[in-house]
Every structure is written in structure tokens, then in C-alpha cells.
Amino acid sequence: MSKPLLHLKSIKKVFTTEEVETHALADVHLDIHEGEFVSISGPSGCGKSTLLAILGLLDAPSGGEYWLNGKQVAQLTLAQRARIRNREIGFIFQNFNLIGDLTVFENVELPLVYRGLPAGERRQRVLDSLELVGMSHRAGHLPSQLSGGQQQRVAVARAVGGRPSILLADEPTGNLDSTNGDAVMDLLKDLHRRGSTICMVTHDTRFARHAQRSIQLFDGRVVEEAAGEHTA
Amino acid sequence: MSSFTLDLKHALRGLSRTPGFTFLAVLSLALGIGVNSAVFTILNSVLLRPLPVREPSRLVRVYAGSRESFSVPAFRTLAREQASVDLAAESLKPLNWTRGEQSQRVTGSIVSGGYFPVLGVQPFMGRLLGPEDDRVPGGHPVAVLSHRFWTRKLEADPSILGRALTLNGHTFTVVGVAAPTFHGDFLGMVPEIWVPLSMQAQAFPQEKRDLLESHATSWLEVLGRLHPGVGRAQAQQTLQALEAGVFQRKLDPDEGHIEVEAMGGLPRAIQSGMGVILPALQAVVLLVLLIACSNVANLQLARAMARRQEVAVRIALGGSRAQLVRQFLTESAVLALLGAGAGLALGALALRAVPSLIPPVGPDLFFDLGMDGRVVSFAVLLSLATGLLFGLAPALQSTRPDVMKTLKEESAGATSRRGLTRRLFVVAQVALSMVLLVASGLFLRSLAKAKDIDPGFERSNMVLFNVDPGTMGYGRDRNAALFEAIRHRAASLPGVRSVALAQMVPLEGGRMETTYQIQGQEVPKGTQEPETGLNKVGLAYFQTLGIPLLSGREFAEGDQPGAPRVAVVNATFAQKVLGGEALGRRLVLDKEVVEIVGVARDVKSGSLGEPAAPMLFRPLAQVPATSLTVHVATTGDPTPFLALMRGIVRDVDPYLPVNELRTMKQHFRLALFPARTGALLLGIFGFLALTLATTGIYGVMAFDSTQRRREIGIRMALGAQIREVVGLIVAQGMRVVCLGLAIGLALAWGLARLLSSLLYGIAATDAFTFAAITALLGGVALLACLIPALRAAQSEPMLALRSE
Ligand SMILES: Nc1ncnc2c1ncn2[C@@H]1O[C@H](COP(=O)(O)OP(=O)(O)OP(=O)(O)O)[C@@H](O)[C@H]1O
Ligand SMILES: [Mg+2]
């Protein structure tokens with residue numbers, strides 16, 4: 001088997017608040033290969049979001065090793081983490097997290113601005129991404145003028161616009177009704193088919209089944225790894 | 001429990017739950033109210049507060065047209081003939097009080113018998129003066145003391161009644177002490193001893209004429225109490241009807257008629273000046289209050305934002321908007337009252353510093369700067385009004401009926417920031433601070449420049465003191481001999497370079513003037529004769545003061561009364577009046593022909609800022625004066641000579657007081673007093689404004705960035721670097737600040753012109769000041785934006801993952 005895109009070894013995460021230690025993650029091993037679609041599920045509070053945050057370099061693990069694209073990234077400075085996040089990671093959040101004062105176009109453009117791409121190239125990529133999610137006609141709108149499903153499609157466009165190595169999605173359908181949820185799932189599957197690597201947290205077993213590989217977390221540990229129905 | 005007490009309870013509980021907010025809000029208000037109540041206290045005691053006497057509203061001042069004062073016969077006739085007002089007269093004069101070996105100058109007041117009865121002042125001890133003390137000229141050697149004089153200079157001696165005081169060499173018996181609240185009827189000039197008008201000849205022996213009989217000398221200020229039911233206009237009519245019989249010479253048409261005006265504590269001339277300066281000062285400190293109130297409004301807006309959940313619940317539970325607004329306003333009112341209390345305390349503290357602002361030389365000025373009920377109501381009303389006004393915006397905004405919609409929008413996952421109102425407040429704060437800071441900057445710069453202005457005379461090595469032998473009844477010849485003796489003794493001290501006498505000291509504040517004619521170019525009768533500044537000076541005056549003579553000579557031994565009359569003019573006189581050639585030209589002064597024998601370089605005589613004006617010097621030997629200042633030039637540090645001067649005068653006449661003993665440097669400082677005070681006050685106000693505006697900007701930025709933590713988290717999740725996030729927040733903050741700076745610059749540019757007459761050596765639009773203040777304010781604002789931005793950039797990008 002080829003070298004994994006992501007390699008987690010003995011990852012631990014301990015939160016200490018007011019003398020209380022929460023072991024959110026205990027000894028997690030996980031590999032994700034390029035082109036994979038992995039789902040993570042488990043009961044509330046089992047550590048899914050924490051794991052995703054570590055994968056996305058939003059947070060540093062308390063212990064263990066994390067290799068991304070062959071580089072050890074567990075302990076980096078804030079600035080280094082920001083740079084890798086910007087280039088390698090695309091985030092899709094449960095509550096969309098579009099910036100209300102920016103138009104759809106500007107929201108999608110934002111990571112590209114942070115990367116320092118020239119305006120012409122940014123524009124092309126934004127239009128491409130919006131085209132991909134079917135939102136080109138709303139480029140000038142503000143997020144508040146869109147429905148939830150549309151907002152999440154814009155968020156997906158923002159995540160893929162930077163052509164990241166991996167898309168991380170935390171309950172991307174959690175705030176949507178089933179029709180809109182299905183539409184977003186279809187979009188992710190479509191992206192996967194085109195070659196994107198995706199790691200998605202979800203409660204919904206219906207959606208978990210869409211993934212190639214389903215990982216079950218319980219109390220901060222991986223308790224089960226199963227191949228999805230959708231084997232590649 | 002009534003809904004009001006319930007509101008009050010909630011307000012108090014809410015405020016004590018957020019002590020940081022409460023502290024900042026109360027502090028802001030207290031600073032604003034503090035300066036306002038301090039300035040208002042001064043304004044109140046100078047312009048508004050009536051005299052502490054019976055029914056002050058019926059008191060009036062009577063003026064003889066523009067001449068203002070009356071002769072004794074004129075006053076007596078008026079007082080006797082008319083029937084609408086009880087009149088009294090007074091005149092403030094320095095008295096020479098001798099106690100043992102020591103003599104000192106005290107502020108005396110000579111009053112008519114009606115003075116105390118008309119004012120309705122009560123004695124603290126003994127009795128006051130009355131009509132029975134004003135009958136026989138020279139027959140009533142009695143005196144009444146001010147409470148302040150009795151406590152400060154006589155150690156509150158309980159057995160003072162019946163004791164003798166030596167005033168101007170005559171013995172007066174103390175018959176009473178006035179009430180402690182009574183400080184005379186002129187503000188600042190506080191009489192220490194009152195003597196009856198009948199004792200004029202003993203109290204002012206320097207006058208050659210018998211002033212009690214002279215129609216020619218007008219020297220009494222007249223005041224009166226209107227009879228019940230008589231108006232000011234009516235009293236004026238009855239007095240004017242007597243004009244013909246009262247004045248020996250008819251009043252000139254341009255001198256006007258007798259006028260009756262409401263009693264103010266200040267002489268008419270000063271009153272009008274103060275009537276401008278104090279309200280202007282009050283306006284300036286109201287600006288400070290506005291800045292403070294913007295702070296409070298912003299803090300309240302921020303708090304209301306943080307409480308919108310609570311507000312939404314209250315609305316959901318059926319609270320009406322009016323109820324909610326009232327709840328918010330109750331909180332504002334509580335804050336305002338706390339601010340007023342703390343502000344009054346601060347103001348009282350600030351007022352304690354006021355006496356130290358009054359220059360130490362010159363007459364003993366005293367202001368009763370107590371806070372009365374009027375000041376307290378002013379502070380309370382002002383803070384309630386501003387508190388409620390500025391509490392209204394937050395109250396209305398946070399109880400908007402669409403608050404539920406706002407909440408829903410927020411949960412939809414789009415972050416957004418609001419706060420246009422808060423930004424507008426910041427713009428206003430920055431603009432107002434800019435105005436204040438520019439004003440204080442201009443004053444400070446001007447003060448620095450003033451120190452560099454060359455006054456044109458020696459200002460380091462010189463001692464000055466005034467001697468007024470007139471108070472001791474010296475005649476003209478004895479006077480001259482006395483000064484000659486003082487001059488001789490001072491000049492023979494080792495280390496003294498030169499000694500000279502003069503009537504006026506440059507930069508003394510006052511100015512003597514005389515009209516003149518150029519011989520051969522007399523202006524026709526009836527037209528205005530030209531005027532020039534005048535000083536009467538003795539031998540070696542120019543040499544002593546280090547004023548170079550451009551041509552001719554200074555006064556010499558030969559310029560005696562019998563010799564031809566001579567004068568020295570300054571360069572401006574020679575240029576402007578005589579077209580350059582001055583030596584040998586003749587002027588007509590007081591019908592005497594005077595020849596110009598010298599031209600001296602210009603010096604600053606009135607104020608440092610003045611443009612050069614024509615000036616004429618005449619020799620004391622030919623035009624004598626009684627009260628003279630001795631100028632002693634030393635070769636080194638003049639300080640050790642200060643102590644020697646009293647000894648010299650005592651050797652000549654042990655009873656003669658030495659007045660206003662000072663070095664020229666101290667004198668110079670006095671000349672800078674207005675500018676220094678202006679700079680100090682504006683500096684304080686500017687600093688307050690800067691502090692308030694900075695906390696205001698900081699508060700808004702800090703609150704904004706906490707509100708935006710989520711947005712910042714998203715940006716960081718998308719890969720923004722810390723400096724990009726910081727840059728974003730700072731840029732947004734500074735955009736608001738820059739708008740404020742621009743508006744402030746425009747306002748300051750416009751307003752600074754009003755200051756130009758008070759500034760030395762710089763233009764009101766001094767580019768350096770404007771640039772420096774812009775940089776200062778901009779820099780401080782940048783810091784105030786930077787700190788919250790840096791703090792916000794520490795926020796966890798993890799926040800983006802949480803769905804609140
Ligand atoms: N910043 C934090 N400080 C302290 N404890 C935390 C923090 N973040 C997470 N936790 C704790 O770590 C554990 C895992 O939290 P996490 O958010 O990863 O759960 P989750 O699986 O995503 O749950 P859900 O399905 O409800 O989103 C929980 O017990 C949570 O309380
Ligand atoms: Mg979660």
C-alpha cells in the first residue's frame with residue numbers, strides 16, 4: 001500500500017479546565033490515503049470534533065505523532081500551522097460559518113487571499129468553485145440572502161477553491177433538512193469521484209454509509225473500522 | 001414592591017454584577033462631571049452667586065456714565081435728594097499697617113456710613129460702621145476688620161475690640177469684625193479693613209486736595225438698595241433727573257448718563273471679560289463631558305449587546321418595549337447619580353488647586369470657591385440629563401422589536417458585526433479630543449515660544465520693589481529725597497551694577513497713556529488727539545534695564561524742573577509718528593513743549609505678544625510720581641539682594657513698607673501667567689479628553705473583537721496568519737479613528753483662529769502643532785486598537801467548529 005496522506009500514531013488530547021481533566025482522545029491510530037472518503041461517527045462527546053480539529057491543525061495534540069504529506073506536523077508554530085491549513089486543508093462546518101459582511105464571492109475568495117494568490121487567478125478559481133457547487137449566479141449575494149443549503153454549498157466551494165489535499169467536514173448536513181442534506185452529500189460524493197480526499201464527521205448512519213470507510217469512535221478511542229458499502 | 005423600586009433593584013444588582021463596566025462608566029462620568037462642576041463653581045462664584053447679604057436681588061450699582069465713579073459731593077447730593085434707592089459709597093485703597101517695627105500693605109476700603117446698612121451685613125463681633133461714623137471729617141478714627149484678616153493676621157485675638165491699629169501713621173480703634181461670609185462686594189479684591197469716609201484725609205494722606213469737598217476728583221464707587229416696589233429703571237430715572245444739580249460740570253454727551261445696573265461681583269470692565277472667558281471655559285469642559293458620555297453610551301451599548309439574550313427572553317415573556325426601555329434608563333440614572341457624586345468630589349479636589357494658580361506677587365486675591373446648592377444641582381441635573389440622553393440610544397437599540405429576527409439570523413451561522421452607533425460615538429470622541437488637544441498644544445507651543453521672546457530688557461540679574469511713600473503723607477520734596485536716599489544706598493551695595501526708578505515696570509499688565517501733539521502739526525480742536533504709552537523714569541533707567549539708546553542720550557542730572565522739558569521716545573514712536581527723525585523734535589504735552597533728546601530701542605511693555613507700540617518716557621525730576629518701583633541691576637545672581645532691600649528701606653524710613661519685592665525673573669513669570677494658566681487648564685482638559693477617548697476606542701475595539709471571536713476563528717481556520725487578523729481589526733478601527741481625526745482637524749482649524757490673540761510667536765494654524773497632535777492622537781488610538789486586536793488574534797480557531 002502507498003504511503004498514507006495522513007498518518008496518526010498514538011494521538012492523545014487532554015483538556016484541562018478548572019482542575020478537571022477530560023481525555024477527549026486516547027491513543028488514536030489512523031491512516032487516510034489519498035482519494036479516500038472516510039466517515040467518523042460515534043456518540044455525542046466521544047471526541048469526533050476534537051479529532052477533526054487535530055486533523056485540520058486547528059488544535060495541537062497533547063501527545064502522539066501526526067504526519068501530513070510525509071511531514072511531522074504535531075508540534076508546529078501557529079504561523080506554520082496557519083500556512084499548512086491554508087494550503088492543505090479545506091473545512092466544511094456544520095453551521096456553514098460564512099462571514100456575514102462578505103459576499104458569496106468574497107467568502108470563497110478569502111482563503112486564496114490569505115494564500116497570496118494574484119487577483120486574476122483568485123477570480124478564476126472562485127468562479128470555477130462556485131460553478132462546481134452551482135452557485136455562480138449568487139456570487140454577489142450576502143450569506144443572509146441565501147437558504148441554509150445554499151450557504152453550505154458556498155462553504156463547500158470555499159473549501160475546495162484552494163485545492164486542498166483533504167476536505168474535513170464536521171456534520172456538514174447537521175443544520176439542514178433532508179432534501180438540502182442530500183444535495184450537499186451528493187456534492188461531496190461528486191467531489192470524491194473527481195479525486196478529492198474527504199474526512200467527514202457525521203451521526204447519520206445513512207450518510208456514513210456513503211463513505212468508503214467508516215470509523216467508530218467511543219470515549220476517545222477508535223473502536224471499529226469498517227468498509228462502507230461504497231467500496232472503491 | 002412598586003415597579004420603580006423593582007427597576008431600581010434590578011439596576012443596582014445588574015451594576016454590581018458587572019463591576020468593571022460600572023467602574024469605567026462611573027469613572028468616565030466622574031471625570032466629565034468633575035471638571036464641569038469645578039468650572040461651574042468658578043463661574044457661579046464669579047458671575048452668578050449673589051452676595052451673601054440680605055435680599056441681594058435688590059442691590060444695584062450706580063455708574064456716572066462711562067466715568068463710573070462719583071466725587072464725594074456728587075454722591076452726597078444724590079444720596080440725599082432722591083427717594084427710590086438707599087445709596088452707599090466705597091473705594092478700595094491700599095493702607096499701610098504698622099505693627100511694632102514692621103509695616104505692611106493691606107487692602108483697605110473707605111466706606112460711607114450707609115455701606116453696611118445698605119448691604120445688610122451682620123457683624124461677627126462688635127459693631128459695623130454706620131452713619132454716626134460718617135459725620136465729622138477726621139472725627140471718627142474707627143475701623144472694622146474682615147474676619148479673614150482678623151484670623152489670619154491677628155491670630156483671631158478675642159480681645160481685639162477697642163484695640164488700636166496704626167494705619168498710614170494714624171491710630172484707629174477696632175470696633176468690630178464683619179461676618180465670615182462677607183468678603184466685600186468686589187470679587188477677588190477682598191478688603192481687610194474698613195474705615196469711614198469721614199477719615200479720608202487720615203486714610204489717604206497722599207492726596208493734596210481735600211477729597212471730601214472736591215468736585216473734581218471722582219473716586220467713589222456707588223452702590224444702592226432699591227426701595228421695595230421700585231424697579232431698576234425707575235431708580236435710574238429719578239437719579240438722572242438730578243444730574244444737573246449733582247455734577248458741577250455737565251456730563252459730556254459721550255460720557256452718557258447715570259446708569260443703574262444689577263449688582264455683579266465684578267467691576268463692569270472685568271465683568272464683561274469674565275462673561276466671555278468663563279462661559280468659553282465651560283463650553284470646553286462640556287466637550288470633555290460629551291466625550292465621557294460617549295464612553296458611557298458605548299459601554300452601555302456593548303453591555304446591551306451582551307445582554308440581548310436576556311432582553312429576548314424578557315420580550316418573549318411579554319415585557320413591553322416601554323418597560324424594557326425604562327429598565328435600561330433606570331440603570332443609566334443610577335450610573336449618572338454615582339457619576340455626579342464622584343464628580344463633585346473630584347471637582348472639589350480640583351478647586352483646592354485653584355489658589356495655587358493665582359500668582360504670589362500682587363495684591364492678596366481671594367475667591368470663595370465653595371460649592372453651593374446651585375453647583376450641586378448643576379452637577380446632578382447635568383449628569384442626569386447626559387446620562388439619560390446617552391442611555392437612550394442603547395436602550396432603544398437593544399430593545400428593538402426585531403431583536404428576535406436578529407437572534408435567528410445569528411444562529412443561522414453567518415457571522416456579522418453591527419455597531420454603527422458605537423462607531424459614530426468614536427468618531428465624535430476622536431474629533432472632540434482633537435479640538436481640545438490642538439488648543440492645548442497651541443498654548444504649550446506658544447508658552448515655549450514666549451520664553452524665547454526677547455522682551456528687550458535685562459531679565460536675569462535684577463531685583464524690583466515698589467515703595468509708595470504717599471501712604472505716609474510724604475510731600476513732593478520729601479518724596480524725591482526719600483527715593484534719592486534709597487537709590488543711593490542700593491547703588492553703593494557691592495555687586496550692584498546700577499539702580500533706577502520708574503513708575504511702570506514693563507509687562508506689569510497695566511499701561512499708562514498720554515495724549516500729545518507734535519509741535520507745528522497740532523490737530524484741530526475737537527478731533528481726537530493721538531495717544532502714546534507713557535512711563536516716568538529716573539536717572540540711568542535705560543542703562544539699568546539694559547535698553548540700548550539708538551540715538552541721543554538718556555535723562556541726566558541737568559533735566560531739572562527749571563530746565564527745558566525733555567523726553568525720550570522708543571524706536572516705533574520715532575518711525576511711525578515722526579517718520580524716523582526724532583532727535584530735536586518737539587511735542588506738546590499738557591500744554592508744555594517737550595524736546596525729544598533720545599531714541600531707545602523697543603521693549604515689550606504691555607504683553608509679550610504685543611506688536612511694538614509708540615512709547616514716550618519722561619524724567620521723574622520734571623513729572624514726579626509718588627509710587628515708584630526701584631530697579632536694582634546686579635552683576636550676578638540677584639536672589640541674595642532680595643533680603644537686603646527691606647533693610648535699605650527700613651534705614652531710610654522704618655514705617656515705609658516694601659511692596660511687591662521680586663526678581664525680574666519672577667516678575668516675568670507673572671507676565672506669562674495667563675498663557676501658563678491657559679496652557680495648564682487646556683493641558684489638563686486635553687489630557688482628560690485623550691484618556692477618555694482612548695478608553696472609548698479601546699472599549700469599542702475590545703468589545704468588537706470579543707463579538708467577532710467566531711469570525712476571527714473562521715478566518716484562522718481558513719489559514720489567516722495572526723498578523724492578517726490583527727491587521728484587519730486594526731484597519732477597521734483606524735478607519736473610524738481617521739474619520740474622527742479628519743473631522744477634528746477641520747473643527748480645530750476653524751476654532752483655533754479664535755485663539756490667535758492669545759498666542760505668542762506662532763500662528764493659530766501652526767502646522768507643527770496640528771501634525772504633532774494628529775500623530776499623538778493617531779498613535780494612541782492605534783495602540784488602543786492594537787491591544788484588543790492582538791488579544792483577539794489569540795482566540796482559538798477551534799471556535800469555528802463550535803455551533804453555539
Ligand atoms: N475546549 C475544551 N475544553 C474542555 N473540554 C473540551 C473542549 N473541547 C471538547 N471538550 C471535551 O472533549 C470531549 C469531546 O468533545 P468533542 O467536541 O470532540 O465531541 P463530539 O464527539 O464532537 O460531540 P458532538 O457529537 O456532540 O459534537 C467532550 O467531553 C468535551 O466536553
Ligand atoms: Mg462535534
# chains A, B, ... in the order shown; residues from 1 in each chain; ligands from 1
$ residues_around --residues "Thr197 in chain A" --least-positions-apart "6" --cutoff "7 Å" --atoms "only C-alpha atoms" --output "list in words"
Glu34, Gly35, Glu36, Phe37, Ser165, Ile166 and Leu167 of chain A
$ residues_near_ligand --ligand "ligand 1" --cutoff "7 Å" --atoms "only C-alpha atoms and all ligand atoms" --output "NGL selection string"
:A and (15-17 or 22-24 or 42-51)
$ atom_distance --atom1 "CA of Asn36 in chain B" --atom2 "CA of Val285 in chain B"
5.7 Å
$ interface_residues --of "chain A" --to "chain B" --cutoff "7 Å" --atoms "only C-alpha atoms" --output "list in words"
Ala53, Leu58, Asp59, Ala79, Ala82, Arg83, Arg85, Asn86, Phe93, Asn95, Phe96, Asn97, Leu98, Ile99, Gly100, Asp101, Pro111, Tyr114, Pro143 and Ser144 of chain A
$ closest_residue --among "A:Leu187, A:Leu52, A:Ile84, A:Ile215" --to "ligand 2" --atoms "only C-alpha atoms and all ligand atoms"
A:Leu52
$ decode --residues "range 232-245 of chain B" --atoms "all heavy atoms" --output "PDB file, in the first residue's frame"
ATOM      1  N   ARG B 232     -35.404  98.883  38.704  1.00  0.00           N
ATOM      2  CA  ARG B 232     -34.122  99.494  38.371  1.00  0.00           C
ATOM      3  C   ARG B 232     -34.304 100.690  37.448  1.00  0.00           C
ATOM      4  O   ARG B 232     -33.661 101.728  37.596  1.00  0.00           O
ATOM      5  CB  ARG B 232     -33.234  98.465  37.685  1.00  0.00           C
ATOM      6  CG  ARG B 232     -31.989  98.187  38.490  1.00  0.00           C
ATOM      7  CD  ARG B 232     -31.019  97.328  37.737  1.00  0.00           C
ATOM      8  NE  ARG B 232     -31.611  96.169  37.089  1.00  0.00           N
ATOM      9  CZ  ARG B 232     -31.300  95.777  35.866  1.00  0.00           C
ATOM     10  NH1 ARG B 232     -30.422  96.471  35.170  1.00  0.00           N
ATOM     11  NH2 ARG B 232     -31.856  94.717  35.329  1.00  0.00           N
ATOM     12  N   ALA B 233     -35.213 100.550  36.479  1.00  0.00           N
ATOM     13  CA  ALA B 233     -35.426 101.617  35.503  1.00  0.00           C
ATOM     14  C   ALA B 233     -35.962 102.868  36.199  1.00  0.00           C
ATOM     15  O   ALA B 233     -35.521 103.991  35.920  1.00  0.00           O
ATOM     16  CB  ALA B 233     -36.411 101.143  34.436  1.00  0.00           C
ATOM     17  N   GLN B 234     -36.867 102.638  37.144  1.00  0.00           N
ATOM     18  CA  GLN B 234     -37.468 103.761  37.863  1.00  0.00           C
ATOM     19  C   GLN B 234     -36.403 104.498  38.679  1.00  0.00           C
ATOM     20  O   GLN B 234     -36.323 105.726  38.666  1.00  0.00           O
ATOM     21  CB  GLN B 234     -38.562 103.212  38.778  1.00  0.00           C
ATOM     22  CG  GLN B 234     -39.464 104.288  39.346  1.00  0.00           C
ATOM     23  CD  GLN B 234     -40.409 103.686  40.382  1.00  0.00           C
ATOM     24  OE1 GLN B 234     -40.678 102.479  40.360  1.00  0.00           O
ATOM     25  NE2 GLN B 234     -40.891 104.515  41.281  1.00  0.00           N
ATOM     26  N   ALA B 235     -35.545 103.728  39.359  1.00  0.00           N
ATOM     27  CA  ALA B 235     -34.479 104.331  40.156  1.00  0.00           C
ATOM     28  C   ALA B 235     -33.542 105.136  39.265  1.00  0.00           C
ATOM     29  O   ALA B 235     -33.122 106.243  39.602  1.00  0.00           O
ATOM     30  CB  ALA B 235     -33.707 103.242  40.892  1.00  0.00           C
ATOM     31  N   GLN B 236     -33.261 104.582  38.105  1.00  0.00           N
ATOM     32  CA  GLN B 236     -32.362 105.274  37.175  1.00  0.00           C
ATOM     33  C   GLN B 236     -32.955 106.609  36.746  1.00  0.00           C
ATOM     34  O   GLN B 236     -32.260 107.614  36.680  1.00  0.00           O
ATOM     35  CB  GLN B 236     -32.108 104.365  35.969  1.00  0.00           C
ATOM     36  CG  GLN B 236     -31.190 104.976  34.937  1.00  0.00           C
ATOM     37  CD  GLN B 236     -30.665 103.937  33.963  1.00  0.00           C
ATOM     38  OE1 GLN B 236     -30.117 102.917  34.382  1.00  0.00           O
ATOM     39  NE2 GLN B 236     -30.827 104.175  32.690  1.00  0.00           N
ATOM     40  N   GLN B 237     -34.277 106.600  36.498  1.00  0.00           N
ATOM     41  CA  GLN B 237     -34.949 107.845  36.103  1.00  0.00           C
ATOM     42  C   GLN B 237     -34.838 108.912  37.188  1.00  0.00           C
ATOM     43  O   GLN B 237     -34.463 110.051  36.913  1.00  0.00           O
ATOM     44  CB  GLN B 237     -36.425 107.573  35.839  1.00  0.00           C
ATOM     45  CG  GLN B 237     -36.728 107.434  34.365  1.00  0.00           C
ATOM     46  CD  GLN B 237     -38.185 107.102  34.144  1.00  0.00           C
ATOM     47  OE1 GLN B 237     -38.997 107.132  35.080  1.00  0.00           O
ATOM     48  NE2 GLN B 237     -38.520 106.791  32.911  1.00  0.00           N
ATOM     49  N   THR B 238     -35.128 108.500  38.425  1.00  0.00           N
ATOM     50  CA  THR B 238     -35.085 109.510  39.494  1.00  0.00           C
ATOM     51  C   THR B 238     -33.679 110.049  39.665  1.00  0.00           C
ATOM     52  O   THR B 238     -33.484 111.238  39.928  1.00  0.00           O
ATOM     53  CB  THR B 238     -35.576 108.935  40.837  1.00  0.00           C
ATOM     54  OG1 THR B 238     -34.846 107.743  41.094  1.00  0.00           O
ATOM     55  CG2 THR B 238     -37.053 108.642  40.829  1.00  0.00           C
ATOM     56  N   LEU B 239     -32.676 109.192  39.491  1.00  0.00           N
ATOM     57  CA  LEU B 239     -31.292 109.652  39.645  1.00  0.00           C
ATOM     58  C   LEU B 239     -30.889 110.571  38.493  1.00  0.00           C
ATOM     59  O   LEU B 239     -30.232 111.588  38.683  1.00  0.00           O
ATOM     60  CB  LEU B 239     -30.331 108.462  39.745  1.00  0.00           C
ATOM     61  CG  LEU B 239     -30.469 107.612  41.015  1.00  0.00           C
ATOM     62  CD1 LEU B 239     -29.526 106.419  40.977  1.00  0.00           C
ATOM     63  CD2 LEU B 239     -30.188 108.459  42.248  1.00  0.00           C
ATOM     64  N   GLN B 240     -31.297 110.182  37.293  1.00  0.00           N
ATOM     65  CA  GLN B 240     -30.935 111.004  36.126  1.00  0.00           C
ATOM     66  C   GLN B 240     -31.558 112.394  36.207  1.00  0.00           C
ATOM     67  O   GLN B 240     -30.962 113.378  35.762  1.00  0.00           O
ATOM     68  CB  GLN B 240     -31.365 110.312  34.830  1.00  0.00           C
ATOM     69  CG  GLN B 240     -30.404 109.202  34.423  1.00  0.00           C
ATOM     70  CD  GLN B 240     -30.849 108.474  33.177  1.00  0.00           C
ATOM     71  OE1 GLN B 240     -31.928 108.735  32.643  1.00  0.00           O
ATOM     72  NE2 GLN B 240     -30.021 107.551  32.711  1.00  0.00           N
ATOM     73  N   ALA B 241     -32.743 112.448  36.812  1.00  0.00           N
ATOM     74  CA  ALA B 241     -33.420 113.739  36.924  1.00  0.00           C
ATOM     75  C   ALA B 241     -32.604 114.720  37.752  1.00  0.00           C
ATOM     76  O   ALA B 241     -32.759 115.937  37.636  1.00  0.00           O
ATOM     77  CB  ALA B 241     -34.799 113.535  37.548  1.00  0.00           C
ATOM     78  N   LEU B 242     -31.694 114.178  38.590  1.00  0.00           N
ATOM     79  CA  LEU B 242     -30.903 115.041  39.464  1.00  0.00           C
ATOM     80  C   LEU B 242     -29.551 115.425  38.871  1.00  0.00           C
ATOM     81  O   LEU B 242     -28.807 116.186  39.470  1.00  0.00           O
ATOM     82  CB  LEU B 242     -30.663 114.332  40.798  1.00  0.00           C
ATOM     83  CG  LEU B 242     -31.924 114.059  41.636  1.00  0.00           C
ATOM     84  CD1 LEU B 242     -31.615 113.106  42.744  1.00  0.00           C
ATOM     85  CD2 LEU B 242     -32.472 115.368  42.179  1.00  0.00           C
ATOM     86  N   GLU B 243     -29.236 114.845  37.705  1.00  0.00           N
ATOM     87  CA  GLU B 243     -27.903 115.011  37.132  1.00  0.00           C
ATOM     88  C   GLU B 243     -27.418 116.455  37.132  1.00  0.00           C
ATOM     89  O   GLU B 243     -26.301 116.758  37.545  1.00  0.00           O
ATOM     90  CB  GLU B 243     -27.864 114.478  35.698  1.00  0.00           C
ATOM     91  CG  GLU B 243     -27.414 113.046  35.619  1.00  0.00           C
ATOM     92  CD  GLU B 243     -27.509 112.500  34.210  1.00  0.00           C
ATOM     93  OE1 GLU B 243     -27.497 113.307  33.252  1.00  0.00           O
ATOM     94  OE2 GLU B 243     -27.591 111.275  34.073  1.00  0.00           O
ATOM     95  N   ALA B 244     -28.296 117.360  36.697  1.00  0.00           N
ATOM     96  CA  ALA B 244     -27.890 118.757  36.538  1.00  0.00           C
ATOM     97  C   ALA B 244     -27.386 119.340  37.850  1.00  0.00           C
ATOM     98  O   ALA B 244     -26.369 120.034  37.897  1.00  0.00           O
ATOM     99  CB  ALA B 244     -29.067 119.581  36.014  1.00  0.00           C
ATOM    100  N   GLY B 245     -28.061 119.018  38.949  1.00  0.00           N
ATOM    101  CA  GLY B 245     -27.660 119.554  40.233  1.00  0.00           C
ATOM    102  C   GLY B 245     -26.485 118.820  40.857  1.00  0.00           C
ATOM    103  O   GLY B 245     -25.799 119.351  41.732  1.00  0.00           O
TER     104      GLY B 245
END
